[in-house]
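Peer 1: I'm passing along start.csv; it holds CSV, C-alpha atoms and all ligand atoms.
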chain,number,residue,atom,x,y,z
N,1,MET,CA,6.5,35.7,-32.4
N,2,ILE,CA,6.9,34.1,-29.0
N,3,ASN,CA,9.4,31.2,-28.7
N,4,ILE,CA,8.2,28.5,-26.3
N,5,ALA,CA,10.2,25.6,-25.0
N,6,VAL,CA,8.7,22.6,-23.1
N,7,CYS,CA,10.2,20.7,-20.2
N,8,GLY,CA,9.0,17.2,-19.6
N,9,ALA,CA,8.5,17.0,-23.3
N,10,ALA,CA,8.1,13.2,-23.5
N,11,GLY,CA,5.5,13.1,-20.7
N,12,ARG,CA,1.7,12.9,-21.0
N,13,MET,CA,1.3,16.6,-20.7
N,14,GLY,CA,4.5,17.6,-22.5
N,15,GLN,CA,3.4,15.8,-25.7
N,16,ARG,CA,0.0,17.5,-25.6
N,17,ILE,CA,1.6,20.9,-25.0
N,18,ILE,CA,3.8,20.5,-28.0
N,19,ASN,CA,0.7,19.8,-30.1
N,20,SER,CA,-1.0,22.9,-28.7
N,21,ILE,CA,2.0,25.1,-29.5
N,22,VAL,CA,2.1,23.9,-33.1
N,23,GLU,CA,-1.6,24.6,-33.4
N,24,THR,CA,-1.4,28.2,-31.9
N,25,GLU,CA,-0.9,31.4,-33.9
N,26,GLY,CA,1.7,33.8,-32.7
N,27,VAL,CA,4.0,31.3,-31.1
N,28,ARG,CA,6.9,29.1,-32.2
N,29,PHE,CA,8.0,25.8,-30.7
N,30,SER,CA,11.7,26.4,-29.9
N,31,GLY,CA,13.0,23.5,-27.7
N,32,ALA,CA,12.2,20.3,-25.8
N,33,LEU,CA,13.8,19.2,-22.5
N,34,GLU,CA,13.8,15.9,-20.9
N,35,ARG,CA,15.7,14.5,-17.9
N,36,PRO,CA,19.4,13.6,-18.5
N,37,GLY,CA,19.5,9.9,-19.4
N,38,HIS,CA,16.0,9.8,-20.8
N,39,PRO,CA,16.0,7.2,-23.7
N,40,LEU,CA,14.4,9.7,-26.1
N,41,VAL,CA,17.1,12.4,-25.8
N,42,GLY,CA,18.3,13.2,-29.4
N,43,GLN,CA,15.0,12.0,-31.1
N,44,ASP,CA,12.8,14.4,-33.0
N,45,VAL,CA,10.1,15.4,-30.5
N,46,GLY,CA,7.4,15.9,-33.1
N,47,LEU,CA,7.5,12.2,-33.8
N,48,ILE,CA,7.2,11.4,-30.1
N,49,ALA,CA,4.3,13.9,-29.7
N,50,GLY,CA,2.5,12.5,-32.7
N,51,CYS,CA,2.5,15.7,-34.8
N,52,GLY,CA,5.0,14.8,-37.4
N,53,GLU,CA,8.7,15.7,-37.7
N,54,LEU,CA,9.4,19.2,-36.2
N,55,GLY,CA,13.2,19.3,-36.6
N,56,VAL,CA,13.5,19.8,-32.8
N,57,ALA,CA,15.4,17.1,-30.9
N,58,VAL,CA,14.8,16.3,-27.3
N,59,SER,CA,17.6,17.9,-25.3
N,60,ASP,CA,18.9,17.6,-21.8
N,61,ASP,CA,20.8,21.0,-22.0
N,62,LEU,CA,18.6,23.1,-19.7
N,63,ASN,CA,20.5,26.4,-20.1
N,64,GLY,CA,20.9,26.0,-23.9
N,65,VAL,CA,17.1,25.4,-24.3
N,66,ILE,CA,16.2,28.3,-22.0
N,67,ALA,CA,18.6,30.7,-23.9
N,68,ALA,CA,16.7,29.9,-27.2
N,69,CYS,CA,13.2,30.6,-25.8
N,70,ASP,CA,11.2,33.5,-24.5
N,71,VAL,CA,9.2,31.3,-22.1
N,72,LEU,CA,9.5,27.7,-20.8
N,73,ILE,CA,6.5,25.6,-20.1
N,74,ASP,CA,7.3,23.0,-17.4
N,75,PHE,CA,5.1,20.0,-16.5
N,76,THR,CA,7.5,17.8,-14.5
N,77,ALA,CA,7.7,17.6,-10.7
N,78,PRO,CA,8.2,20.2,-7.9
N,79,LYS,CA,11.9,19.8,-7.4
N,80,VAL,CA,12.6,19.9,-11.2
N,81,SER,CA,10.3,22.9,-11.6
N,82,LEU,CA,12.1,24.9,-8.9
N,83,LYS,CA,15.4,24.2,-10.5
N,84,ASN,CA,14.0,25.3,-13.9
N,85,LEU,CA,12.5,28.4,-12.3
N,86,GLU,CA,15.9,29.4,-10.9
N,87,ALA,CA,17.6,28.8,-14.2
N,88,CYS,CA,14.9,30.9,-16.1
N,89,GLY,CA,15.4,33.7,-13.5
N,90,LEU,CA,19.1,33.8,-14.2
N,91,GLN,CA,18.5,34.3,-17.9
N,92,LYS,CA,15.5,36.6,-17.3
N,93,LYS,CA,13.1,34.2,-19.1
N,94,ALA,CA,9.5,33.7,-18.1
N,95,ILE,CA,8.2,30.3,-17.0
N,96,VAL,CA,4.8,28.6,-16.8
N,97,ILE,CA,4.7,25.7,-14.2
N,98,GLY,CA,2.0,23.1,-14.2
N,99,SER,CA,3.6,20.6,-11.9
N,100,THR,CA,1.7,19.8,-8.7
N,101,GLY,CA,2.6,18.4,-5.3
N,102,PHE,CA,4.5,21.4,-4.0
N,103,THR,CA,5.0,21.5,-0.2
N,104,PRO,CA,4.2,24.9,1.5
N,105,GLU,CA,8.0,25.4,1.8
N,106,GLU,CA,8.5,24.8,-1.9
N,107,ARG,CA,5.7,27.2,-2.7
N,108,ALA,CA,7.4,29.8,-0.6
N,109,LEU,CA,10.6,29.2,-2.4
N,110,ALA,CA,8.8,29.6,-5.8
N,111,ALA,CA,7.5,33.0,-4.6
N,112,GLU,CA,11.0,34.1,-3.6
N,113,LEU,CA,12.5,33.0,-6.9
N,114,ALA,CA,9.7,34.7,-8.8
N,115,LYS,CA,11.0,38.1,-7.7
N,116,THR,CA,13.5,37.9,-10.6
N,117,THR,CA,11.2,36.8,-13.4
N,118,PRO,CA,7.5,36.4,-14.3
N,119,VAL,CA,6.1,33.0,-13.3
N,120,VAL,CA,2.7,31.4,-13.8
N,121,LEU,CA,2.3,28.5,-11.3
N,122,ALA,CA,-1.1,26.9,-11.4
N,123,PRO,CA,-2.3,23.4,-10.4
N,124,ASN,CA,-4.9,23.4,-13.2
N,125,MET,CA,-4.8,25.3,-16.5
N,126,SER,CA,-8.3,24.5,-17.6
N,127,VAL,CA,-10.8,27.4,-17.9
N,128,GLY,CA,-13.5,25.2,-16.4
N,129,VAL,CA,-11.6,24.4,-13.2
N,130,ASN,CA,-10.6,28.1,-12.8
N,131,VAL,CA,-14.2,29.2,-13.0
N,132,CYS,CA,-15.0,26.5,-10.4
N,133,PHE,CA,-12.4,28.1,-8.1
N,134,LYS,CA,-14.2,31.5,-8.5
N,135,ILE,CA,-17.7,30.0,-7.9
N,136,LEU,CA,-16.5,27.9,-4.9
N,137,LYS,CA,-15.5,31.0,-3.0
N,138,ASP,CA,-19.0,32.5,-3.4
N,139,ILE,CA,-20.8,29.2,-2.6
N,140,ALA,CA,-18.7,28.7,0.6
N,141,ALA,CA,-19.0,32.2,1.8
N,142,THR,CA,-22.8,32.2,1.2
N,143,LEU,CA,-23.4,28.8,2.9
N,144,GLY,CA,-21.1,29.5,5.8
N,145,ASP,CA,-20.6,27.0,8.6
N,146,ASP,CA,-23.9,25.2,8.3
N,147,PHE,CA,-22.8,23.0,5.4
N,148,ASP,CA,-20.1,20.3,5.8
N,149,VAL,CA,-17.5,20.4,3.0
N,150,GLU,CA,-16.0,17.2,1.5
N,151,ILE,CA,-13.7,17.2,-1.6
N,152,VAL,CA,-13.3,14.0,-3.8
N,153,GLU,CA,-10.8,13.7,-6.6
N,154,ALA,CA,-10.1,10.9,-9.0
N,155,HIS,CA,-7.0,10.5,-11.3
N,156,HIS,CA,-5.2,7.9,-13.4
N,157,ARG,CA,-3.1,5.2,-11.7
N,158,LEU,CA,0.2,6.8,-12.7
N,159,LYS,CA,-0.3,10.1,-10.8
N,160,LYS,CA,2.5,10.6,-8.3
N,161,ASP,CA,0.9,13.2,-5.9
N,162,ALA,CA,-2.2,13.2,-3.7
N,163,PRO,CA,-4.5,14.9,-3.2
N,164,SER,CA,-4.3,16.5,-6.6
N,165,GLY,CA,-3.0,20.1,-6.8
N,166,THR,CA,-6.5,21.1,-7.9
N,167,ALA,CA,-8.2,19.5,-4.9
N,168,VAL,CA,-5.7,21.2,-2.6
N,169,ARG,CA,-6.5,24.6,-4.2
N,170,MET,CA,-10.2,23.9,-3.9
N,171,GLY,CA,-9.8,23.2,-0.2
N,172,GLU,CA,-7.7,26.3,0.2
N,173,VAL,CA,-10.3,28.5,-1.6
N,174,VAL,CA,-13.2,27.1,0.6
N,175,ALA,CA,-11.2,27.3,3.8
N,176,GLU,CA,-10.2,30.9,3.1
N,177,ALA,CA,-13.8,31.8,2.3
N,178,LEU,CA,-14.9,30.3,5.6
N,179,GLY,CA,-12.1,31.9,7.6
N,180,ARG,CA,-10.3,28.6,8.3
N,181,ASP,CA,-6.7,27.5,7.8
N,182,TYR,CA,-6.7,24.7,5.2
N,183,ASN,CA,-3.5,23.2,6.7
N,184,LYS,CA,-5.3,22.8,10.1
N,185,VAL,CA,-8.7,21.7,8.9
N,186,ALA,CA,-8.0,19.3,6.0
N,187,ASN,CA,-8.8,15.8,7.0
N,188,PHE,CA,-7.1,13.2,4.7
N,189,HIS,CA,-7.9,10.0,6.5
N,190,ARG,CA,-10.8,8.4,8.4
N,191,GLU,CA,-10.6,4.9,9.8
N,192,GLY,CA,-11.9,3.1,12.9
N,193,ILE,CA,-13.7,5.0,15.7
N,194,THR,CA,-13.2,8.5,14.3
N,195,GLY,CA,-15.7,10.3,16.5
N,196,GLU,CA,-18.2,12.7,15.0
N,197,ARG,CA,-17.3,14.9,12.2
N,198,THR,CA,-16.1,18.3,13.3
N,199,ARG,CA,-17.9,21.4,11.8
N,200,GLU,CA,-14.6,22.9,10.6
N,201,GLU,CA,-13.0,19.9,8.9
N,202,ILE,CA,-12.7,19.7,5.1
N,203,GLY,CA,-12.6,16.0,4.1
N,204,MET,CA,-10.1,15.3,1.3
N,205,GLN,CA,-10.7,12.0,-0.5
N,206,THR,CA,-8.5,10.5,-3.3
N,207,ILE,CA,-9.3,7.9,-5.9
N,208,ARG,CA,-6.6,6.5,-8.2
N,209,GLY,CA,-7.2,4.1,-11.1
N,210,GLY,CA,-6.8,3.3,-14.8
N,211,ASP,CA,-6.8,6.3,-17.2
N,212,ILE,CA,-9.0,8.8,-15.4
N,213,ILE,CA,-7.7,12.2,-16.7
N,214,GLY,CA,-9.0,14.3,-13.7
N,215,GLU,CA,-12.3,14.6,-11.8
N,216,HIS,CA,-13.1,16.8,-8.9
N,217,THR,CA,-16.3,17.2,-6.8
N,218,VAL,CA,-16.8,19.5,-3.9
N,219,TYR,CA,-19.7,18.6,-1.7
N,220,PHE,CA,-21.5,21.1,0.5
N,221,ILE,CA,-23.7,18.9,2.7
N,222,GLY,CA,-26.4,20.4,4.8
N,223,MET,CA,-29.4,19.1,6.7
N,224,GLY,CA,-31.9,18.0,4.1
N,225,GLU,CA,-30.0,19.2,1.0
N,226,ARG,CA,-26.6,19.3,-0.6
N,227,ILE,CA,-24.8,21.0,-3.4
N,228,GLU,CA,-22.2,19.2,-5.6
N,229,LEU,CA,-19.9,21.2,-7.8
N,230,SER,CA,-18.1,18.8,-10.2
N,231,HIS,CA,-15.6,19.2,-13.0
N,232,ARG,CA,-14.6,16.3,-15.3
N,233,ALA,CA,-11.7,16.5,-17.7
N,234,MET,CA,-12.4,14.6,-20.9
N,235,THR,CA,-9.0,15.3,-22.5
N,236,ARG,CA,-5.6,16.8,-21.5
N,237,ASP,CA,-5.9,19.3,-24.3
N,238,MET,CA,-7.6,22.0,-22.3
N,239,PHE,CA,-4.7,21.8,-19.8
N,240,SER,CA,-2.2,22.2,-22.6
N,241,ARG,CA,-4.1,25.0,-24.4
N,242,GLY,CA,-4.3,26.8,-21.1
N,243,SER,CA,-0.6,26.5,-20.6
N,244,VAL,CA,0.1,28.0,-24.0
N,245,ARG,CA,-2.4,30.8,-23.2
N,246,ALA,CA,-0.5,31.4,-20.0
N,247,ALA,CA,2.8,31.4,-21.9
N,248,LYS,CA,1.6,34.1,-24.3
N,249,TRP,CA,0.3,36.2,-21.3
N,250,VAL,CA,3.3,35.9,-19.0
N,251,VAL,CA,6.0,37.1,-21.3
N,252,SER,CA,4.7,40.7,-21.1
N,253,GLN,CA,4.3,40.7,-17.3
N,254,LYS,CA,6.5,42.1,-14.6
N,255,PRO,CA,8.5,39.7,-12.4
N,256,GLY,CA,6.2,38.0,-9.8
N,257,LEU,CA,4.2,34.9,-9.0
N,258,TYR,CA,0.9,34.6,-11.0
N,259,ASP,CA,-1.7,31.9,-11.5
N,260,MET,CA,-4.5,31.1,-14.0
N,261,GLN,CA,-6.9,33.5,-12.2
N,262,ASP,CA,-4.6,36.3,-13.3
N,263,VAL,CA,-4.2,34.9,-16.9
N,264,LEU,CA,-7.9,34.5,-17.3
N,265,GLY,CA,-8.8,37.8,-15.6
N,266,LEU,CA,-10.9,36.0,-12.9
N,267,ARG,CA,-9.5,37.7,-9.9
D,1,LIG,N1,-1.5,22.3,-14.1
D,1,LIG,C1,-2.2,21.4,-14.8
D,1,LIG,O1,-3.2,21.8,-15.5
D,1,LIG,C2,-1.8,20.0,-14.9
D,1,LIG,C3,-2.5,19.1,-15.7
D,1,LIG,C4,-2.0,17.8,-15.8
D,1,LIG,C5,-0.9,17.4,-15.1
D,1,LIG,N2,-0.3,18.3,-14.2
D,1,LIG,C6,0.9,18.0,-13.5
D,1,LIG,O2,2.0,18.0,-14.4
D,1,LIG,C7,3.0,17.1,-13.9
D,1,LIG,C8,3.4,16.2,-15.0
D,1,LIG,O3,2.3,15.4,-15.3
D,1,LIG,P1,2.4,14.2,-16.5
D,1,LIG,O4,1.1,13.5,-16.4
D,1,LIG,O5,2.7,14.9,-17.8
D,1,LIG,O6,3.6,13.4,-16.0
D,1,LIG,P2,4.6,12.5,-16.8
D,1,LIG,O7,5.3,11.6,-15.8
D,1,LIG,O8,3.9,11.8,-17.9
D,1,LIG,O9,5.6,13.5,-17.4
D,1,LIG,C9,6.6,14.2,-16.7
D,1,LIG,C10,7.9,14.2,-17.6
D,1,LIG,O10,8.9,15.0,-16.9
D,1,LIG,C11,10.1,14.4,-17.2
D,1,LIG,N3,11.2,14.9,-16.3
D,1,LIG,C12,11.4,14.4,-15.0
D,1,LIG,N4,12.5,15.0,-14.5
D,1,LIG,C13,13.0,15.8,-15.5
D,1,LIG,C14,14.1,16.7,-15.5
D,1,LIG,N5,15.0,16.8,-14.5
D,1,LIG,N6,14.2,17.5,-16.7
D,1,LIG,C15,13.3,17.4,-17.7
D,1,LIG,N7,12.3,16.5,-17.7
D,1,LIG,C16,12.1,15.8,-16.6
D,1,LIG,C17,9.8,12.9,-17.1
D,1,LIG,O11,10.8,12.2,-17.8
D,1,LIG,C18,8.5,12.9,-17.9
D,1,LIG,O12,8.6,12.7,-19.2
D,1,LIG,C19,2.4,16.5,-12.7
D,1,LIG,O13,2.9,17.2,-11.5
D,1,LIG,C20,0.9,16.6,-12.8
D,1,LIG,O14,0.2,16.6,-11.6
D,1,LIG,C21,-0.8,19.6,-14.1
D,2,LIG,O1,-2.8,14.1,-14.5
D,2,LIG,C1,-2.5,14.8,-13.5
D,2,LIG,O2,-1.5,14.5,-12.8
D,2,LIG,C2,-3.3,16.0,-13.2
D,2,LIG,N1,-2.8,16.8,-12.3
D,2,LIG,C3,-3.4,18.1,-11.9
D,2,LIG,C4,-3.7,18.1,-10.4
D,2,LIG,O3,-2.9,17.5,-9.6
D,2,LIG,O4,-4.6,18.9,-10.0
D,2,LIG,C5,-4.5,18.5,-12.8
D,2,LIG,C6,-5.3,17.4,-13.4
D,2,LIG,C7,-4.5,16.4,-14.0
Could I get this structure in the form of structure tokens?

Peer 2:
Amino acid sequence: MINIAVCGAAGRMGQRIINSIVETEGVRFSGALERPGHPLVGQDVGLIAGCGELGVAVSDDLNGVIAACDVLIDFTAPKVSLKNLEACGLQKKAIVIGSTGFTPEERALAAELAKTTPVVLAPNMSVGVNVCFKILKDIAATLGDDFDVEIVEAHHRLKKDAPSGTAVRMGEVVAEALGRDYNKVANFHREGITGERTREEIGMQTIRGGDIIGEHTVYFIGMGERIELSHRAMTRDMFSRGSVRAAKWVVSQKPGLYDMQDVLGLR
């Protein structure tokens, strides 16, 4: 039996992850973390997550909750996730991180900290999006430089980072397949007299509104034809089920930084 704790337990994803843990065989829900001062600390987290009383209170004791688990699933924010990764490393506990919005420096720090413990860090835990990452590589490499690439993503009004972690990864996959550096060719903003589009640039467009769970489209636009590869999330449950699948997988891995391509055997 694998003991899984959740950080960000009262959040949109945290609540769905708790439901997924309870529904999954071979795992046990062992603890729930929230930020110190959160009004729900001390309350039964099952009642918050809508799956009935679980006898697990929301806690702000990071080290205590880590000690009682085999793996921590963390959907919070980059700075919190890095602190949690360091704390898991000190106790030799695995961690699955779904937070997005990491800077390149923060990603490098995560890779450094992952030398002490196994870590899955992935901007999107859904099977569908991860298959898209794989397909995108082939499409981009096959089309080459003749097709312009534009990426459009849409999410709910409460999302804090932009572009989404998924859109960034899509841009990185395409850029790499085309021999480009994403950080140099990503174009996040067009306004006024922009001049003609460059061949190399990858346009990154962001929509925020209402309760959109997550939508991504990559456009490959040629002369006289275009390909659109789209993924639309209709529930958060495939993210949460993916995170539990990653948790079951990561506990038996060697220390290192992994992503969902590793978990799903898509590499
Ligand atoms: N990888 C994926 O598949 C995937 C899917 C959905 C969302 N996300 C990402 O997950 C993150 C969370 O998304 P959300 O919609 O659940 O956000 P949310 O704001 O609803 O939840 C975040 C939770 O983290 C808690 N938190 C903040 N600081 C904390 C701390 N120090 N200790 C413990 N808990 C703390 C907050 O109180 C909140 O309850 C975002 O970065 C989002 O982009 C990733
Ligand atoms: O709701 C969010 O926030 C999501 N974030 C991820 C991202 O930034 O790619 C995945 C989709 C939902």

Peer 1: Identify, counting only C-alpha atoms and all ligand atoms, the protein, DNA and RNA residues located within 9 Å of ligand LIG 1 (chain D), and give them as a ChimeraX atom specification.

Peer 2: /N:6-16,32-36,38,59-60,62,74-81,83-84,97-102,121-126,156,158-162,164-166,213-214,236,238-240,242-243

Peer 1: Restricted to C-alpha atoms, what would the selected residues look like written as a compact mmCIF listing (two decimals), keeping the file's coordinate frame?

Peer 2:
# COMPACT_ATOMS: atom_id res chain seq x y z
CA VAL N 6 8.70 22.60 -23.10
CA CYS N 7 10.20 20.70 -20.20
CA GLY N 8 9.00 17.20 -19.60
CA ALA N 9 8.50 17.00 -23.30
CA ALA N 10 8.10 13.20 -23.50
CA GLY N 11 5.50 13.10 -20.70
CA ARG N 12 1.70 12.90 -21.00
CA MET N 13 1.30 16.60 -20.70
CA GLY N 14 4.50 17.60 -22.50
CA GLN N 15 3.40 15.80 -25.70
CA ARG N 16 0.00 17.50 -25.60
CA ALA N 32 12.20 20.30 -25.80
CA LEU N 33 13.80 19.20 -22.50
CA GLU N 34 13.80 15.90 -20.90
CA ARG N 35 15.70 14.50 -17.90
CA PRO N 36 19.40 13.60 -18.50
CA HIS N 38 16.00 9.80 -20.80
CA SER N 59 17.60 17.90 -25.30
CA ASP N 60 18.90 17.60 -21.80
CA LEU N 62 18.60 23.10 -19.70
CA ASP N 74 7.30 23.00 -17.40
CA PHE N 75 5.10 20.00 -16.50
CA THR N 76 7.50 17.80 -14.50
CA ALA N 77 7.70 17.60 -10.70
CA PRO N 78 8.20 20.20 -7.90
CA LYS N 79 11.90 19.80 -7.40
CA VAL N 80 12.60 19.90 -11.20
CA SER N 81 10.30 22.90 -11.60
CA LYS N 83 15.40 24.20 -10.50
CA ASN N 84 14.00 25.30 -13.90
CA ILE N 97 4.70 25.70 -14.20
CA GLY N 98 2.00 23.10 -14.20
CA SER N 99 3.60 20.60 -11.90
CA THR N 100 1.70 19.80 -8.70
CA GLY N 101 2.60 18.40 -5.30
CA PHE N 102 4.50 21.40 -4.00
CA LEU N 121 2.30 28.50 -11.30
CA ALA N 122 -1.10 26.90 -11.40
CA PRO N 123 -2.30 23.40 -10.40
CA ASN N 124 -4.90 23.40 -13.20
CA MET N 125 -4.80 25.30 -16.50
CA SER N 126 -8.30 24.50 -17.60
CA HIS N 156 -5.20 7.90 -13.40
CA LEU N 158 0.20 6.80 -12.70
CA LYS N 159 -0.30 10.10 -10.80
CA LYS N 160 2.50 10.60 -8.30
CA ASP N 161 0.90 13.20 -5.90
CA ALA N 162 -2.20 13.20 -3.70
CA SER N 164 -4.30 16.50 -6.60
CA GLY N 165 -3.00 20.10 -6.80
CA THR N 166 -6.50 21.10 -7.90
CA ILE N 213 -7.70 12.20 -16.70
CA GLY N 214 -9.00 14.30 -13.70
CA ARG N 236 -5.60 16.80 -21.50
CA MET N 238 -7.60 22.00 -22.30
CA PHE N 239 -4.70 21.80 -19.80
CA SER N 240 -2.20 22.20 -22.60
CA GLY N 242 -4.30 26.80 -21.10
CA SER N 243 -0.60 26.50 -20.60

Peer 1: Give me, as a PyMOL selection string, all polymer residues having an atom no more than 8 Å from stretch 231-235 of chain N, counting all atoms listed in the file and skipping those fewer than 5 positions away in the same chain.

Peer 2: chain N and resi 128-129+132+213-217

Peer 1: Convert the current residue selection to file output with C-alpha atoms, as a PDB file, in the frame of the given file.

Peer 2:
ATOM      1  CA  GLY N 128     -13.500  25.200 -16.400  1.00  0.00           C
ATOM      2  CA  VAL N 129     -11.600  24.400 -13.200  1.00  0.00           C
ATOM      3  CA  CYS N 132     -15.000  26.500 -10.400  1.00  0.00           C
ATOM      4  CA  ILE N 213      -7.700  12.200 -16.700  1.00  0.00           C
ATOM      5  CA  GLY N 214      -9.000  14.300 -13.700  1.00  0.00           C
ATOM      6  CA  GLU N 215     -12.300  14.600 -11.800  1.00  0.00           C
ATOM      7  CA  HIS N 216     -13.100  16.800  -8.900  1.00  0.00           C
ATOM      8  CA  THR N 217     -16.300  17.200  -6.800  1.00  0.00           C
TER       9      THR N 217
END

Peer 1: Tell me which protein, DNA and RNA residues are within 8 Å of N:Glu200, counting all atoms listed in the file, leaving out same-chain ones fewer than 4 positions away, and put them as a short mmCIF file (atom, residue, chain, number, x, y, z; two decimals) with C-alpha atoms, in the coordinates of the input.

Peer 2:
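Dumped to around_4.cif:
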data_model
loop_
_atom_site.label_atom_id
_atom_site.label_comp_id
_atom_site.auth_asym_id
_atom_site.auth_seq_id
_atom_site.Cartn_x
_atom_site.Cartn_y
_atom_site.Cartn_z
CA ASP N 145 -20.60 27.00 8.60
CA ASP N 148 -20.10 20.30 5.80
CA ARG N 180 -10.30 28.60 8.30
CA VAL N 185 -8.70 21.70 8.90
#

Peer 1: Which residue out of N:Ile4, N:Ala110, N:Asn130, N:Gly179 has the minimum interatomic distance to ligand LIG 2 (chain D) when all atoms listed in the file are used?

Peer 2: N:Asn130

Peer 1: Would you mind telling me which residue in N:Ile135, N:Ile48, N:Ile66, N:Met170 lies nearest to ligand LIG 2 (chain D) when using all atoms listed in the file?

Peer 2: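 The shortest atom-to-atom distance to ligand LIG 2 (chain D) comes from N:Met170.
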
Peer 1: Given all atoms listed in the file as the basis, pick out the residue of N:Ala186, N:Val131, N:Val119, N:Ile151 nearest to N:Ile227.

Peer 2: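 Of N:Ala186, N:Val131, N:Val119, N:Ile151, the one nearest N:Ile227, counting all atoms listed in the file, is N:Ile151.
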
Peer 1: Smallest atom-to-atom distance to ligand LIG 2 (chain D): which of N:Glu153, N:Leu229, N:Lys254, N:Val263, using only C-alpha atoms and all ligand atoms?

Peer 2: N:Glu153

Peer 1: Considering all atoms listed in the file, can you say which of N:Leu257, N:Val251, N:Ala154, N:Ile139 comes closest to ligand LIG 2 (chain D)?

Peer 2: N:Ala154

Peer 1: For each of N:Asp146, N:Glu201, N:Glu176, N:Asp61, take the minimum atom-to-atom distance to N:Phe133, counting all atoms listed in the file, then give the residue where this is smallest.

Peer 2: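 Looking at the shortest contact to N:Phe133, the residue is N:Glu176.
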
Peer 1: Rounded to one decimal, what separation in Å do you get between atom CA of N:Phe220 and atom CA of N:Asp237?

Peer 2: 29.4 Å

Peer 1: Name all residues at most 9 Å from N:Ala114 (count only C-alpha atoms; drop same-chain ones fewer than 3 positions away) and give them as a PyMOL selection string.

Peer 2: chain N and resi 85-86+89+109-111+117-119+255-257

Peer 1: State, in Å with one decimal place, the distance from atom CA of N:Ile21 to atom CA of N:Val120.

Peer 2: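 Computed distance, atom CA of N:Ile21 to atom CA of N:Val120, equals 16.9 Å.
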
Peer 1: Using Å and a single decimal, report how far atom CA of N:Gln43 sits from atom CA of N:Val56.

Peer 2: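 That distance, rounded to one decimal, is 8.1 Å.
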
Peer 1: Would you mind writing stretch 93-97 of chain N with all heavy atoms, as a CSV table (one decimal), in the frame of the given file?

Peer 2:
chain,number,residue,atom,x,y,z
N,93,LYS,N,14.1,34.8,-18.2
N,93,LYS,CA,13.1,34.2,-19.1
N,93,LYS,C,11.9,33.8,-18.2
N,93,LYS,O,12.0,33.4,-17.1
N,93,LYS,CB,13.7,33.0,-19.8
N,93,LYS,CG,14.9,33.3,-20.7
N,93,LYS,CD,14.5,34.1,-21.9
N,93,LYS,CE,15.7,34.5,-22.7
N,93,LYS,NZ,16.2,33.5,-23.6
N,94,ALA,N,10.7,34.0,-18.8
N,94,ALA,CA,9.5,33.7,-18.1
N,94,ALA,C,9.3,32.2,-18.0
N,94,ALA,O,9.9,31.4,-18.9
N,94,ALA,CB,8.3,34.3,-18.8
N,95,ILE,N,8.5,31.7,-17.1
N,95,ILE,CA,8.2,30.3,-17.0
N,95,ILE,C,6.7,30.1,-16.6
N,95,ILE,O,6.2,30.8,-15.8
N,95,ILE,CB,9.2,29.6,-16.0
N,95,ILE,CG1,8.9,28.1,-15.9
N,95,ILE,CG2,9.2,30.2,-14.6
N,95,ILE,CD1,10.1,27.3,-15.2
N,96,VAL,N,6.1,29.0,-17.2
N,96,VAL,CA,4.8,28.6,-16.8
N,96,VAL,C,5.0,27.2,-16.2
N,96,VAL,O,5.5,26.3,-16.8
N,96,VAL,CB,3.9,28.5,-18.0
N,96,VAL,CG1,2.5,27.8,-17.7
N,96,VAL,CG2,3.7,29.9,-18.6
N,97,ILE,N,4.5,27.0,-14.9
N,97,ILE,CA,4.7,25.7,-14.2
N,97,ILE,C,3.4,25.1,-14.0
N,97,ILE,O,2.5,25.7,-13.3
N,97,ILE,CB,5.5,25.9,-12.9
N,97,ILE,CG1,6.9,26.5,-13.2
N,97,ILE,CG2,5.6,24.6,-12.1
N,97,ILE,CD1,7.6,26.9,-11.9
